[in-house]
Amino acid sequence: MKRLLLVMAAVMLCLCGCKEETARKKTLVMVTNATFPPYEYVDMGKIEGIDPEVVRRITRKMGYELEIQDMAFDAIIAAVQTGKAQIAASGITVTEDRKKKVLFTDPYVVAAQVMIVPKNSPVKSAADLKGKRIGVQHGTTGDTYVKENIQEPQRFQHGPDAVTALVSGKLDVVVIDGEPAEAYVSKNPQLKILSEPLVKEEYAFAMGKENKELLDKFNAELRKMKASGELAKVINHYRKLNSKVKLTVFLPPENAIDGKYLRSMMEQLAERFDFRADYHEGGQEAVAGVIQSDVKQIIAVAIPLTQDQKKLLPYTETLILGEYVLVVPKSSDIKDFSMLNGKKIGAVKGTFADRYIEKNIHPAHVFADAAEVLNAVVSGKVDAAVVERKIAEVYLKKDKNLKMFPENFVREEYLFLVGKENQSLLKEFAANMKKMQSSGDLKKILEQANTVQNAKAIRSEVKQEKVMDEDSLWGGIKFSFYNNFVKDQRYTYLVKGFFVTIEITVLAVLMGIVIGFFVAVIRSTADLTGKLKLLDGLCRVYLTVIRGTPVVVQLLIIYFVIFGSVNVDKVLVAVIAFGINSGAYVAEIIRGGIMSIDKGQMEAGQSLGLTYWQSMREIILPQAFKNVLPALGNEFIVLLKETSVAGYIALQDLTRGGDIIRSQTYDAFFPLIAVALIYLTVVVFLSWLLGCLEKRLKRNE
Amino acid sequence: MSETIFEVRDLVKQFPALTAVDHVSTTINRGEVVFVVGPSGSGKSTFLRCLNMLETPTSGQVLFKGQDITAKELPLNKFRQQVGMVFQHFNLFPHLTIRKNITLAPVRTHRLTAKEANEKADALLKRIGLYDKRNAYPAQLSGGQKQRIAIVRALAMNPDVLLFDEPTSALDPEMVGEVLSLMKELAQEGMTMVVVTHEIGFAAEVADRVIFMDHGQIVVSGTPENVIKNSDNPRVRDFFSKVL
Ligand SMILES: Nc1ncnc2c1ncn2[C@@H]1O[C@H](COP(=O)(O)OP(=O)(O)OP(=O)(O)O)[C@@H](O)[C@H]1O
Ligand SMILES: [Mg+2]
């Protein structure tokens with residue numbers, strides 16, 4: 001018993017220690033629910049957006065360090081209320097209700113709650129909402145508004161979940177903040193936003209009531225930011241970043257020159273269309289994954305594909321930027337393209353034709369423009385010329401000594417592809433490109449790009465590969481796999497989560513065994529000797545309460561009530577909660593083990609002059625422990641699975657890791673199956689270990 | 001006049017449903033070998049277990065070397081170190097080796113150092129011819145071997161008295177002999193012993209005194225000759241005529 005008290009004292013001391021340390025470093029904790037672009041979202045594993053950026057800037061000016069924690073939206077207000085965090089910044093709407101619980105800063109954005117509906121929906125305005133299946137994000141203004149003014153809505157943890165339900169026909173309408181709504185709808189072309197917002201609202205940051213002083217200082221900085229235009233700049237930056245189409249360009253890694261040329265061309269296209277360009281030096285495998293991505297994006301691939309290969313790709317547009325023909329003197333002995341070897345071939349310097357000839361035949365003789373090239377053919381300086389078809393046609397009308405092979409010598413073409421949700425985007429893009437082509441704008445872009453690339457560099461062959469597998473089902477699976485796990489290193493959510501899960505489970509089981517051990521000994525001693533009645537009573541209460549309430553509730557109570565006003569590591573909270581929970585079950589297991597030992601053992605020990613406790617320690621417990629080892633192993637397995645609710649206090653365990661991926665890819669299948677498989681693998685492995693252990697124990701008997 | 005080991009005064013042990021030991025008084029002296037016999041359920045075991053306080057008497061006193069062991073404040077473990085007990089079902093510690101079974105109590109009670117205890121255990125094991133089993137576990141022994149280990153385990157504490165509760169009745173017949181001959185040896189060496197048994201022949205051979213119990217009471221107490229062969233009490237005669 002004394003030892004238990006000591007352990008508890010040590011834990012308390014450590015907790016106090018932690019608190020002091022945070023105070024010294026002057027760290028403020030900001031809580032947010034990072035599923036609300038552009039206000040807050042996770043990008044490459046980091047929490048980004050308007051809220052984190054604004055709060056970061058202000059707190060830095062105030063001389064604080066900032067720690068950002070991601071948690072469920074409905075836990076955020078409670079977190080500042082209980083002092084677990086100082087600032088809640090999550091696109092929070094100012095309401096009278098919330099004002100009772102927390103202090104609000106000046107509003108930094110005035111926003112609207114809008115309605116998302118399918119394009120063919122009968123819902124035309126707020127008046128049609130009654131009786132419809134309405135989805136909202138749990139705890140948002142939309143939630144409250146719909147509940148108070150219309151009816152009970154269906155609540156979702158994350159906005160994307162509600163949108164997914166709408167797409168799959170489980171909802172008639174989603175009421176949600178205007179800005180993320182734009183983002184969701186842009187990814188789902190079958191959806192639209194009703195033009196009339198349901199309700200207008202103001203966003204502000206929230207702080208605990210006791211932080212009046214902090215709030216005033218914060219407001220002062222916020223006002224300065226507003227006045228200087230800095231706030232507007234930050235907000236616009238993130239809005240733009242999130243509304244821009246992403247142009248993902250795959251540069252052929254084997255060919256530095258084409259890569260440079262292409263990059264320069266795409267940069268100019270991106271600028272032109274106000275895209276956000278992003279370059280990858282990946283092969284076709286990578287392309288296959290990105291095509292199914294959630295982002296509003298167009299993928300540009302610089303690798304020539306055959307007609308057959310293109311047929312396999314669902315949503316592509318091929319843009320032909322130039323057709324080149326071969327021009328020779330009428331008297332030439334060159335009868336077809338295969339006879340060019342060893343001949344002097346002329347081309348315009350730095351054009352696609354130039355690069356193509358060098359790559360496929362041998363370096364060309366280059367000239368400043370097409371007229372010079374054709375003149376060189378006429379004057380016999382070169383045996384043949386490769387020039388653009390249009391120029392050749394015009395030229396040949398004047399010069400009857402030259403002839404042109406009617407079929408294309410080579411075509412400069414680029415493939416643009418999109419995931420199926422971005423089809424309309426691609427069509428629009430292609431139409432714009434055609435317009436640019438006919439207006440000559442595109443030509444300018446190509447010329448500019450030409451000047452950038454260096455014709456002297458060594459060129460190597462581009463190997464042709466298929467972008468996708470023949471079997472489109474398999475291809476789809478591959479895409480989905482890539483998108484859910486490989487892209488943006490999403491698998492790290494699972495890896496990190498796995499280790500968190502294991503850490504919590506192992507520590508909780510150890511703590512559970514310590515607690516369970518003491519409780520079991522107290523309970524059995526009371527049973528066997530009639531002593532320790534008071535402690536026995538306490539243990540019974542503990543067992544009844546812990547075994548009579550769900551572990552999630554216990555976890556939340558420990559986090560929000562017991563450690564409500566202490567800043568303590570969440571993993572520690574989870575370990576304590578699951579340890580206390582497991583302790584109750586372990587106690588009964590061990591007690592069963594103790595009671596199963598023949599009472600002759602205790603009598604023999606005592607008749608030899610050992611005390612009760614000596615006999616317990618030396619004789620009963622070792623035997624009991626050995627008997628219940630398999631049951632304890634089982635408890636470990638049960639606990640491993642139970643820790644999957646750790647996400648409730650925003651711990652990123654394995655299950656939560658899968659959830660995060662899900663919220664980024666809108667794909668339920670792969671993340672959930674992967675999470676399940678990981679749990680299953682660990683459990684099967686542990687069961688196997690247990691089996692071995694049991695066999696060994698049996699052999700020892 | 002030799003030293004008194006146990007003096008039992010008016011001992012009563014009541015269970016909720018019945019009185020198992022009913023006003024028993026007797027004295028056991030050093031070196032005496034006392035056999036307790038009687039019909040099943042007559043309270044023999046309960047009486048024996050009262051002698052080392054495995055059962056707490058309802059009333060009456062048990063004096064051990066003149067000290068009242070029923071007194072509340074007495075540290076029972078100190079007293080029990082001087083009283084060995086051998087059980088019907090051996091009660092060896094299955095998770096410990098034979099040697100550890102023997103040395104556990106002497107070492108933990110600080111009677112002997114670990115080294116002394118090991119030496120003592122080895123000597124005792126050699127004496128009963130089970131030295132080569134010193135590192136075996138109880139499950140690897142026969143019943144007779146187990147019971148002899150249990151006796152040796154009690155001996156390792158150098159007790160003033162050994163209590164036996166039907167030490168042979170859980171044994172196969174062919175193993176009874178080895179246990180009885182060890183007990184006989186101990187008796188001959190002058191060990192004080194209180195033995196509850198149904199082995200009347202053995203009692204007749206070894207006992208200094210035989211106590212016949214029935215319904216929780218001592219019916220007769222005397223030499224084996226007088227109790228077993230020539231009692232004039234009809235209940236006693238009836239009992240022995242059936243078991244002999
Ligand atoms: N713990 C107990 N609780 C209640 N009754 C008991 C308890 N122990 C023994 N008894 C009863 O007390 C009586 C005497 O039992 P005890 O074991 O002393 O008899 P015994 O003479 O040793 O019999 P046996 O020869 O069968 O071993 C019996 O009727 C028994 O049922
Ligand atoms: Mg008995």
# chains A, B, ... in the order shown; residues from 1 in each chain; ligands from 1
>>> residues_around(residues="segment 612-626 of chain A", least_positions_apart="2", cutoff="6 Å", atoms="only C-alpha atoms", output="NGL selection string")
:A and (593-594 or 605 or 610 or 628-629)
>>> residues_near_ligand(ligand="ligand 2", cutoff="12 Å", atoms="only C-alpha atoms and all ligand atoms", output="ChimeraX atom specification")
/B:20,36-49,87-89,164-170,195-198,213,216
>>> write_last_selection(atoms="N, CA, C and O atoms", output="short mmCIF file (atom, residue, chain, number, x, y, z; two decimals), in the first residue's frame")
data_model
loop_
_atom_site.label_atom_id
_atom_site.label_comp_id
_atom_site.auth_asym_id
_atom_site.auth_seq_id
_atom_site.Cartn_x
_atom_site.Cartn_y
_atom_site.Cartn_z
N ALA B 20 -16.91 -29.28 16.93
CA ALA B 20 -15.97 -30.28 16.42
C ALA B 20 -15.06 -30.78 17.54
O ALA B 20 -14.68 -31.95 17.58
N VAL B 36 -3.61 -40.00 17.81
CA VAL B 36 -5.01 -39.67 18.01
C VAL B 36 -5.80 -40.49 17.01
O VAL B 36 -5.56 -40.40 15.80
N VAL B 37 -6.70 -41.33 17.50
CA VAL B 37 -7.51 -42.16 16.62
C VAL B 37 -8.98 -41.96 16.94
O VAL B 37 -9.33 -41.35 17.95
N GLY B 38 -9.81 -42.46 16.05
CA GLY B 38 -11.24 -42.33 16.27
C GLY B 38 -11.98 -42.34 14.97
O GLY B 38 -11.37 -42.26 13.90
N PRO B 39 -13.33 -42.44 15.03
CA PRO B 39 -14.11 -42.50 13.81
C PRO B 39 -14.00 -41.22 12.99
O PRO B 39 -13.61 -40.18 13.51
N SER B 40 -14.40 -41.33 11.74
CA SER B 40 -14.38 -40.16 10.86
C SER B 40 -15.33 -39.08 11.37
O SER B 40 -16.42 -39.40 11.82
N GLY B 41 -14.86 -37.84 11.32
CA GLY B 41 -15.71 -36.74 11.78
C GLY B 41 -15.69 -36.55 13.27
O GLY B 41 -16.46 -35.75 13.81
N SER B 42 -14.83 -37.27 13.99
CA SER B 42 -14.86 -37.18 15.44
C SER B 42 -14.11 -35.96 15.96
O SER B 42 -14.10 -35.70 17.16
N GLY B 43 -13.42 -35.22 15.06
CA GLY B 43 -12.77 -33.98 15.49
C GLY B 43 -11.28 -34.09 15.66
O GLY B 43 -10.64 -33.17 16.20
N LYS B 44 -10.67 -35.16 15.16
CA LYS B 44 -9.23 -35.37 15.34
C LYS B 44 -8.43 -34.27 14.64
O LYS B 44 -7.53 -33.65 15.22
N SER B 45 -8.76 -34.07 13.36
CA SER B 45 -8.02 -33.06 12.61
C SER B 45 -8.19 -31.69 13.22
O SER B 45 -7.24 -30.91 13.34
N THR B 46 -9.42 -31.35 13.58
CA THR B 46 -9.69 -30.04 14.15
C THR B 46 -8.86 -29.84 15.43
O THR B 46 -8.26 -28.79 15.63
N PHE B 47 -8.82 -30.88 16.26
CA PHE B 47 -8.02 -30.83 17.49
C PHE B 47 -6.55 -30.55 17.15
O PHE B 47 -5.92 -29.66 17.71
N LEU B 48 -6.03 -31.32 16.17
CA LEU B 48 -4.62 -31.17 15.80
C LEU B 48 -4.33 -29.76 15.27
O LEU B 48 -3.32 -29.14 15.62
N ARG B 49 -5.25 -29.27 14.46
CA ARG B 49 -5.04 -27.95 13.85
C ARG B 49 -5.16 -26.83 14.88
O ARG B 49 -4.62 -25.75 14.68
N PHE B 87 0.92 -32.61 6.34
CA PHE B 87 -0.47 -32.67 5.92
C PHE B 87 -0.77 -33.95 5.14
O PHE B 87 0.12 -34.56 4.56
N GLN B 88 -2.05 -34.27 5.14
CA GLN B 88 -2.48 -35.44 4.38
C GLN B 88 -2.10 -35.32 2.91
O GLN B 88 -1.61 -36.26 2.31
N HIS B 89 -2.28 -34.11 2.36
CA HIS B 89 -1.99 -33.93 0.92
C HIS B 89 -0.66 -33.24 0.68
O HIS B 89 -0.49 -32.55 -0.32
N PHE B 164 1.19 -34.57 12.71
CA PHE B 164 0.87 -35.29 11.47
C PHE B 164 -0.62 -35.44 11.36
O PHE B 164 -1.26 -35.94 12.28
N ASP B 165 -1.21 -35.02 10.21
CA ASP B 165 -2.64 -35.26 10.01
C ASP B 165 -2.82 -36.27 8.90
O ASP B 165 -2.75 -35.94 7.72
N GLU B 166 -3.04 -37.52 9.29
CA GLU B 166 -3.22 -38.62 8.35
C GLU B 166 -2.17 -38.59 7.24
O GLU B 166 -2.51 -38.46 6.07
N PRO B 167 -0.90 -38.74 7.59
CA PRO B 167 0.17 -38.58 6.60
C PRO B 167 0.18 -39.65 5.53
O PRO B 167 0.80 -39.45 4.49
N THR B 168 -0.50 -40.76 5.74
CA THR B 168 -0.40 -41.84 4.74
C THR B 168 -1.71 -42.11 4.02
O THR B 168 -1.75 -42.92 3.10
N SER B 169 -2.80 -41.41 4.40
CA SER B 169 -4.07 -41.85 3.82
C SER B 169 -4.27 -41.40 2.39
O SER B 169 -5.19 -41.86 1.73
N ALA B 170 -3.40 -40.48 1.87
CA ALA B 170 -3.53 -40.13 0.45
C ALA B 170 -2.57 -40.94 -0.39
O ALA B 170 -2.41 -40.68 -1.58
N VAL B 195 0.19 -37.62 16.20
CA VAL B 195 -0.15 -38.21 14.91
C VAL B 195 -1.62 -38.57 14.87
O VAL B 195 -2.10 -39.32 15.70
N VAL B 196 -2.33 -37.98 13.89
CA VAL B 196 -3.69 -38.42 13.63
C VAL B 196 -3.60 -39.45 12.52
O VAL B 196 -3.00 -39.18 11.48
N THR B 197 -4.15 -40.65 12.76
CA THR B 197 -4.02 -41.69 11.73
C THR B 197 -5.11 -42.73 11.84
O THR B 197 -5.80 -42.84 12.86
N HIS B 198 -5.28 -43.46 10.73
CA HIS B 198 -6.16 -44.62 10.76
C HIS B 198 -5.33 -45.89 10.76
O HIS B 198 -5.87 -46.98 10.71
N MET B 213 -10.79 -40.46 20.22
CA MET B 213 -11.76 -39.36 20.22
C MET B 213 -13.05 -39.81 19.56
O MET B 213 -13.05 -40.58 18.60
N GLY B 216 -15.95 -35.27 19.23
CA GLY B 216 -15.21 -34.11 19.71
C GLY B 216 -14.64 -34.27 21.11
O GLY B 216 -14.01 -33.35 21.63
#
>>> interface_residues(of="chain A", to="chain B", cutoff="6 Å", atoms="only C-alpha atoms", output="MDAnalysis selection string")
chainID A and resid 600:601 607:611
>>> select_by_dssp(residues="segment 404-442 of chain A", states="strand (DSSP E or B)", output="list of chain:residue names")
A:Met404, A:Val410, A:Arg411, A:Glu412, A:Glu413, A:Tyr414, A:Leu415, A:Phe416, A:Leu417
>>> residues_around(residues="Ser90 of chain A", least_positions_apart="2", cutoff="6 Å", atoms="only C-alpha atoms", output="JSON, numbers by chain")
{"A": [32, 33, 92]}
>>> residues_around(residues="Tyr395 of chain A", least_positions_apart="6", cutoff="12 Å", atoms="only C-alpha atoms", output="PDB file with N, CA, C and O atoms, in the first residue's frame")
ATOM      1  N   VAL A 327      10.903  18.483 -95.023  1.00  0.00           N
ATOM      2  CA  VAL A 327      10.965  19.131 -96.335  1.00  0.00           C
ATOM      3  C   VAL A 327      12.302  18.794 -96.983  1.00  0.00           C
ATOM      4  O   VAL A 327      13.353  18.912 -96.323  1.00  0.00           O
ATOM      5  N   ALA A 370      12.617  29.428 -89.258  1.00  0.00           N
ATOM      6  CA  ALA A 370      12.216  28.437 -90.258  1.00  0.00           C
ATOM      7  C   ALA A 370      12.651  28.859 -91.671  1.00  0.00           C
ATOM      8  O   ALA A 370      13.069  28.016 -92.473  1.00  0.00           O
ATOM      9  N   ALA A 371      12.587  30.141 -91.950  1.00  0.00           N
ATOM     10  CA  ALA A 371      12.962  30.614 -93.282  1.00  0.00           C
ATOM     11  C   ALA A 371      14.419  30.274 -93.567  1.00  0.00           C
ATOM     12  O   ALA A 371      14.755  29.787 -94.650  1.00  0.00           O
ATOM     13  N   GLU A 372      15.268  30.484 -92.572  1.00  0.00           N
ATOM     14  CA  GLU A 372      16.696  30.169 -92.751  1.00  0.00           C
ATOM     15  C   GLU A 372      16.910  28.685 -93.015  1.00  0.00           C
ATOM     16  O   GLU A 372      17.726  28.302 -93.842  1.00  0.00           O
ATOM     17  N   VAL A 373      16.147  27.874 -92.307  1.00  0.00           N
ATOM     18  CA  VAL A 373      16.290  26.436 -92.479  1.00  0.00           C
ATOM     19  C   VAL A 373      15.929  26.046 -93.905  1.00  0.00           C
ATOM     20  O   VAL A 373      16.659  25.319 -94.588  1.00  0.00           O
ATOM     21  N   LEU A 374      14.790  26.601 -94.372  1.00  0.00           N
ATOM     22  CA  LEU A 374      14.334  26.232 -95.717  1.00  0.00           C
ATOM     23  C   LEU A 374      15.293  26.754 -96.785  1.00  0.00           C
ATOM     24  O   LEU A 374      15.575  26.065 -97.768  1.00  0.00           O
ATOM     25  N   ASN A 375      15.822  27.955 -96.551  1.00  0.00           N
ATOM     26  CA  ASN A 375      16.831  28.491 -97.473  1.00  0.00           C
ATOM     27  C   ASN A 375      18.040  27.587 -97.536  1.00  0.00           C
ATOM     28  O   ASN A 375      18.637  27.392 -98.590  1.00  0.00           O
ATOM     29  N   VAL A 378      17.346  24.805 -99.823  1.00  0.00           N
ATOM     30  CA  VAL A 378      17.396  25.258-101.209  1.00  0.00           C
ATOM     31  C   VAL A 378      18.842  25.399-101.659  1.00  0.00           C
ATOM     32  O   VAL A 378      19.240  24.933-102.723  1.00  0.00           O
ATOM     33  N   VAL A 387      10.452  21.401 -90.175  1.00  0.00           N
ATOM     34  CA  VAL A 387       9.869  22.676 -89.743  1.00  0.00           C
ATOM     35  C   VAL A 387       8.387  22.485 -89.479  1.00  0.00           C
ATOM     36  O   VAL A 387       7.809  21.456 -89.828  1.00  0.00           O
ATOM     37  N   GLU A 388       7.794  23.514 -88.930  1.00  0.00           N
ATOM     38  CA  GLU A 388       6.366  23.420 -88.629  1.00  0.00           C
ATOM     39  C   GLU A 388       5.552  23.366 -89.913  1.00  0.00           C
ATOM     40  O   GLU A 388       5.860  24.038 -90.901  1.00  0.00           O
ATOM     41  N   ARG A 389       4.493  22.545 -89.838  1.00  0.00           N
ATOM     42  CA  ARG A 389       3.699  22.292 -91.041  1.00  0.00           C
ATOM     43  C   ARG A 389       3.183  23.589 -91.657  1.00  0.00           C
ATOM     44  O   ARG A 389       3.294  23.798 -92.870  1.00  0.00           O
ATOM     45  N   ASN A 401      10.811  24.111-105.939  1.00  0.00           N
ATOM     46  CA  ASN A 401      11.916  23.139-105.958  1.00  0.00           C
ATOM     47  C   ASN A 401      11.883  22.209-104.753  1.00  0.00           C
ATOM     48  O   ASN A 401      12.640  21.237-104.701  1.00  0.00           O
ATOM     49  N   LEU A 402      11.078  22.547-103.788  1.00  0.00           N
ATOM     50  CA  LEU A 402      11.038  21.734-102.559  1.00  0.00           C
ATOM     51  C   LEU A 402       9.780  20.888-102.522  1.00  0.00           C
ATOM     52  O   LEU A 402       8.775  21.223-103.142  1.00  0.00           O
ATOM     53  N   LYS A 403       9.870  19.779-101.815  1.00  0.00           N
ATOM     54  CA  LYS A 403       8.646  19.001-101.569  1.00  0.00           C
ATOM     55  C   LYS A 403       8.569  18.628-100.087  1.00  0.00           C
ATOM     56  O   LYS A 403       9.580  18.639 -99.357  1.00  0.00           O
ATOM     57  N   MET A 404       7.353  18.293 -99.705  1.00  0.00           N
ATOM     58  CA  MET A 404       7.092  18.047 -98.287  1.00  0.00           C
ATOM     59  C   MET A 404       6.465  16.668 -98.146  1.00  0.00           C
ATOM     60  O   MET A 404       5.604  16.289 -98.935  1.00  0.00           O
TER      61      MET A 404
END
>>> atom_distance(atom1="atom CA of Ala78 of chain A", atom2="atom CA of Ser582 of chain A")
26.8 Å
>>> select_by_dssp(residues="segment 461-649 of chain A", states="helix (DSSP H, G or I)", output="count of residues only")
159
>>> residues_around(residues="Ala117 of chain B", least_positions_apart="3", cutoff="7 Å", atoms="only C-alpha atoms", output="PyMOL selection string")
chain B and resi 103+106-107+112-114+120-121
>>> atom_distance(atom1="atom CA of His237 of chain A", atom2="atom CA of Val109 of chain A")
14.1 Å
>>> residues_around(residues="Tyr64 of chain A", least_positions_apart="6", cutoff="10 Å", atoms="only C-alpha atoms", output="ChimeraX atom specification")
/A:25-29,56-58
>>> residues_around(residues="Gly144 of chain B", least_positions_apart="3", cutoff="10 Å", atoms="only C-alpha atoms", output="compact mmCIF listing (two decimals) with C-alpha atoms, in the first residue's frame")
# COMPACT_ATOMS: atom_id res chain seq x y z
CA PHE B 90 1.68 -32.97 1.50
CA LEU B 141 7.98 -37.24 -7.32
CA GLN B 147 5.36 -36.99 1.95
CA ARG B 148 8.91 -37.75 3.10
CA ILE B 149 10.01 -34.40 1.63
CA ALA B 150 7.16 -32.74 3.52
CA PRO B 167 0.17 -38.58 6.60
CA THR B 168 -0.40 -41.84 4.74
CA ALA B 170 -3.53 -40.13 0.45
CA LEU B 171 -0.85 -42.66 -0.51
CA ASP B 172 -0.97 -45.78 -2.61
CA PRO B 173 -0.58 -48.82 -0.30
CA GLU B 174 2.90 -49.68 -1.58
CA MET B 175 4.18 -46.27 -0.52
CA VAL B 176 2.79 -46.22 2.97
CA GLY B 177 5.71 -48.24 4.32
CA GLU B 178 8.47 -45.79 3.44
CA VAL B 179 6.64 -42.92 5.17
CA LEU B 180 5.83 -44.95 8.27
